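Data block below; observations after.
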Amino acid sequence: MISFKNDYSEGAHSAILQKMSECNLTQNTGYGEDKHCQKAAEYIKKQLQCPDCQIHFLVGGTQTNLVAISHCLKPYQAVIAADSGHINVHETGAIESSGHKVVAMPTEQGKLTVAAVKKALDTHTDEHMVQPKMVYVSNPTEVGTLYTKKELQDLSDFCRQNNLLFYLDGARMASALTSQYNDIALSDYPKLVDMLYLGGTKCGALFGEALILFQNQLNEDFRFSIKQKGAMLAKGWLLGIQFETLFENDLYYKLGQHANAMAEKIQNAILQKGYSFQFTPCSNQLFPIFPDDVLKELEKEFIFSFWEKVDETHTCVRIVTSWATKEENVDKLINSL
């Protein structure tokens with residue numbers, strides 16, 4: 001069976017494994033205070049063109065979202081997200097378990113809008129309700145679509161006008177940055193959001209995410225929050241080595257380009273067969289709608305994620321390509337289709 005179920009089915013890029021092997025017996029300072037984390041942070045700051053930002057390396061996406069959001073919000077404050085947002089649907093109530101409500105708003109194509117954020121504020125009017133204080137988005141979104149620079153700028157302006165923190169989940173940022181539909185450079189993000197994380201787990205690393213804080217006040221005592229939430233890795237250099245390798249020679253971008261190229265090839269084949277998509281294809285996640293009899297045949301060879309039943313005879317599935325997707329497997333899928 002060939003899996004197109006997710007973009008973390010494989011281990012890590014060989015360059016990362018080689019670097020980790022080379023450094024395996026070298027002694028390092030623990031808890032993210034080692035030379036590899038420092039070097040990785042330098043590379044990322046250079047890409048961001050933001051020398052004063054603060055960078056913390058954590059193990060996984062849910063962990064990163066939990067630490068970041070719970071650190072920044074007071075006990076009675078909440079975060080606004082798209083109803084399809086990862087923190088609302090796929091994190092087992094991690095944010096709520098920290099005492100912070102997720103205010104989920106309906107969206108089109110998985111993208112939060114100024115109108116949706118304003119509606120959330122307008123319906124939370126006094127101290128008898130939670131106080132929305134943060135806006136959460138992801139790019140690409142949970143359904144593979146992309147925000148334009150203008151859309152993020154509009155959200156950013158609204159957040160600043162209303163004293164809201166703006167947080168961006170970049171679990172698949174490598175795919176976003178290298179999409180043909182993208183108009184946002186990594187160096188634009190410090191001007192748009194208050195904090196973001198660059199995903200490694202879904203972008204060629206064995207594991208790991210790089211959380212970047214653009215406001216000094218958000219960084220105050222942040223390492224206390226990391227430790228309290230069980231997120232401070234003793235062997236933190238294992239995270240540093242991975243991001244050092246990903247950003248030293250633009251490997252991060254090359255892996256995103258490969259995932260997108262494989263997805264685009266599948267997308268074109270699906271369109272040529274006359275099938276449609278539930279969401280506009282923009283990145284390495286595709287959501288085609290197949291007749292159930294076609295899907296039944298495809299699932300004899302390939303693994304997809306079920307998304308939803310569209311009608312009695314059609315189903316939407318999620319097809320995901322990765323940095324490690326083999327073109328020969330893409331060709332096999334196309335031939336089977």
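In the structure tokens, chains take letters A, B, ... by order of appearance, with residues numbered from 1 within each chain and ligands from 1 in the order shown.
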Q) Would you give me, as a ChimeraX atom specification, the residues in segment 63-283 of chain A that DSSP reads as helix (DSSP H, G or I)? A) /A:63-72,86-89,94-97,114-122,149-161,173-177,186-192,216-219,222-228,237-248,251-272
Output file for the selection above: C-alpha atoms, as a JSON list (two decimals), in the first residue's frame:
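The result, stored in part24.json:
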[["chain", "number", "residue", "atom", "x", "y", "z"],
["A", 63, "GLN", "CA", 2.60, 21.38, 22.18],
["A", 64, "THR", "CA", 3.73, 24.63, 20.56],
["A", 65, "ASN", "CA", 0.19, 25.99, 20.24],
["A", 66, "LEU", "CA", -0.60, 25.05, 23.84],
["A", 67, "VAL", "CA", 2.50, 26.71, 25.29],
["A", 68, "ALA", "CA", 2.25, 29.84, 23.15],
["A", 69, "ILE", "CA", -1.46, 30.51, 23.64],
["A", 70, "SER", "CA", -1.62, 29.67, 27.35],
["A", 71, "HIS", "CA", 1.45, 31.84, 28.04],
["A", 72, "CYS", "CA", 0.04, 34.91, 26.29],
["A", 86, "HIS", "CA", -6.26, 22.91, 14.15],
["A", 87, "ILE", "CA", -6.62, 24.18, 17.72],
["A", 88, "ASN", "CA", -10.39, 23.79, 17.45],
["A", 89, "VAL", "CA", -10.65, 20.39, 15.74],
["A", 94, "ALA", "CA", -5.55, 21.17, 24.47],
["A", 95, "ILE", "CA", -6.22, 24.91, 24.56],
["A", 96, "GLU", "CA", -9.41, 24.48, 26.58],
["A", 97, "SER", "CA", -7.55, 22.21, 29.01],
["A", 114, "VAL", "CA", -12.00, 40.45, 9.49],
["A", 115, "ALA", "CA", -15.81, 40.19, 9.41],
["A", 116, "ALA", "CA", -15.68, 36.88, 11.31],
["A", 117, "VAL", "CA", -13.29, 38.26, 13.92],
["A", 118, "LYS", "CA", -15.44, 41.36, 14.35],
["A", 119, "LYS", "CA", -18.53, 39.20, 14.82],
["A", 120, "ALA", "CA", -16.73, 37.26, 17.56],
["A", 121, "LEU", "CA", -15.86, 40.50, 19.32],
["A", 122, "ASP", "CA", -19.39, 41.86, 18.94],
["A", 149, "LYS", "CA", -0.70, 39.11, 1.83],
["A", 150, "LYS", "CA", -3.66, 41.50, 1.72],
["A", 151, "GLU", "CA", -5.87, 39.11, 3.68],
["A", 152, "LEU", "CA", -3.25, 38.77, 6.41],
["A", 153, "GLN", "CA", -2.58, 42.52, 6.34],
["A", 154, "ASP", "CA", -6.30, 43.24, 6.83],
["A", 155, "LEU", "CA", -6.44, 40.83, 9.77],
["A", 156, "SER", "CA", -3.24, 42.31, 11.18],
["A", 157, "ASP", "CA", -4.56, 45.87, 10.96],
["A", 158, "PHE", "CA", -7.82, 44.87, 12.65],
["A", 159, "CYS", "CA", -5.98, 43.07, 15.43],
["A", 160, "ARG", "CA", -3.83, 46.11, 16.15],
["A", 161, "GLN", "CA", -6.82, 48.44, 16.08],
["A", 173, "MET", "CA", 5.05, 26.79, 6.11],
["A", 174, "ALA", "CA", 7.55, 25.22, 3.68],
["A", 175, "SER", "CA", 4.62, 24.42, 1.39],
["A", 176, "ALA", "CA", 3.10, 27.89, 1.81],
["A", 177, "LEU", "CA", 6.33, 29.75, 1.03],
["A", 186, "LEU", "CA", 9.09, 34.94, 5.14],
["A", 187, "SER", "CA", 10.48, 38.43, 5.82],
["A", 188, "ASP", "CA", 6.93, 39.85, 5.59],
["A", 189, "TYR", "CA", 5.64, 37.91, 8.58],
["A", 190, "PRO", "CA", 7.30, 40.00, 11.34],
["A", 191, "LYS", "CA", 5.28, 42.97, 10.04],
["A", 192, "LEU", "CA", 2.04, 40.99, 9.95],
["A", 216, "ASN", "CA", 9.70, 41.34, 23.66],
["A", 217, "GLN", "CA", 6.91, 41.42, 26.23],
["A", 218, "LEU", "CA", 5.60, 38.08, 24.95],
["A", 219, "ASN", "CA", 9.00, 36.55, 25.56],
["A", 222, "PHE", "CA", 8.46, 32.31, 28.30],
["A", 223, "ARG", "CA", 10.93, 29.57, 29.22],
["A", 224, "PHE", "CA", 9.06, 29.15, 32.53],
["A", 225, "SER", "CA", 5.92, 28.39, 30.52],
["A", 226, "ILE", "CA", 7.82, 25.94, 28.30],
["A", 227, "LYS", "CA", 9.11, 24.05, 31.34],
["A", 228, "GLN", "CA", 5.80, 24.09, 33.23],
["A", 237, "TRP", "CA", 20.27, 20.33, 20.50],
["A", 238, "LEU", "CA", 18.44, 17.59, 18.60],
["A", 239, "LEU", "CA", 15.93, 20.27, 17.63],
["A", 240, "GLY", "CA", 18.65, 22.81, 16.91],
["A", 241, "ILE", "CA", 20.56, 20.47, 14.60],
["A", 242, "GLN", "CA", 17.44, 19.88, 12.51],
["A", 243, "PHE", "CA", 16.55, 23.53, 12.00],
["A", 244, "GLU", "CA", 20.21, 24.40, 11.49],
["A", 245, "THR", "CA", 20.25, 21.92, 8.60],
["A", 246, "LEU", "CA", 16.88, 23.00, 7.20],
["A", 247, "PHE", "CA", 17.82, 26.68, 7.01],
["A", 248, "GLU", "CA", 21.57, 26.58, 6.38],
["A", 251, "LEU", "CA", 16.76, 22.98, 2.28],
["A", 252, "TYR", "CA", 13.48, 24.05, 3.87],
["A", 253, "TYR", "CA", 12.36, 25.69, 0.63],
["A", 254, "LYS", "CA", 13.55, 22.81, -1.56],
["A", 255, "LEU", "CA", 11.51, 20.30, 0.45],
["A", 256, "GLY", "CA", 8.41, 22.51, 0.22],
["A", 257, "GLN", "CA", 8.87, 22.83, -3.53],
["A", 258, "HIS", "CA", 9.04, 19.06, -3.93],
["A", 259, "ALA", "CA", 5.86, 18.46, -1.92],
["A", 260, "ASN", "CA", 4.01, 21.10, -3.94],
["A", 261, "ALA", "CA", 5.27, 19.77, -7.28],
["A", 262, "MET", "CA", 4.03, 16.27, -6.45],
["A", 263, "ALA", "CA", 0.64, 17.63, -5.36],
["A", 264, "GLU", "CA", 0.33, 19.72, -8.52],
["A", 265, "LYS", "CA", 0.99, 16.68, -10.68],
["A", 266, "ILE", "CA", -1.80, 14.76, -8.93],
["A", 267, "GLN", "CA", -4.08, 17.79, -9.09],
["A", 268, "ASN", "CA", -3.69, 18.11, -12.86],
["A", 269, "ALA", "CA", -4.46, 14.43, -13.36],
["A", 270, "ILE", "CA", -7.61, 14.67, -11.25],
["A", 271, "LEU", "CA", -8.80, 17.72, -13.19],
["A", 272, "GLN", "CA", -8.11, 15.99, -16.51]]
Q: List the neighbours of segment 107-112 of chain A out to 12 Å using only C-alpha atoms; skip same-chain residues closer than 6 positions along the sequence, and give me the result as an NGL selection string.
A: :A and (80-86 or 118-120 or 135-148 or 151-152 or 154-156 or 166 or 168 or 277-282 or 287)
Q. If you measure from atom CA of Lys35 of chain A to atom CA of Gly236 of chain A, what distance in Å do you get, rounded to one decimal?
A.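 Separating atom CA of Lys35 of chain A from atom CA of Gly236 of chain A is a distance of 10.3 Å.
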Q: From the DSSP assignment of the backbone, select every residue of segment 109-331 of chain A that is strand (DSSP E), and format the answer as a PyMOL selection string.
A: chain A and resi 131-138+165-170+195-199+209-213+276-277+285-286+288-291+302-303+305-311+314-320
(Q) Calculated over only C-alpha atoms, which of the candidates A:Gly60, A:Gly32, A:Pro288, A:Pro51 has the smallest distance to Phe207 of chain A? (A)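 Among the listed residues, the smallest separation from Phe207 of chain A belongs to A:Gly60.
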Q.
Using only C-alpha atoms, can you tell me which of A:Thr92, A:Thr325, A:Gln18, A:Gln47 comes closest to Thr62 of chain A?
A.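 Smallest distance to Thr62 of chain A is found for A:Thr92.
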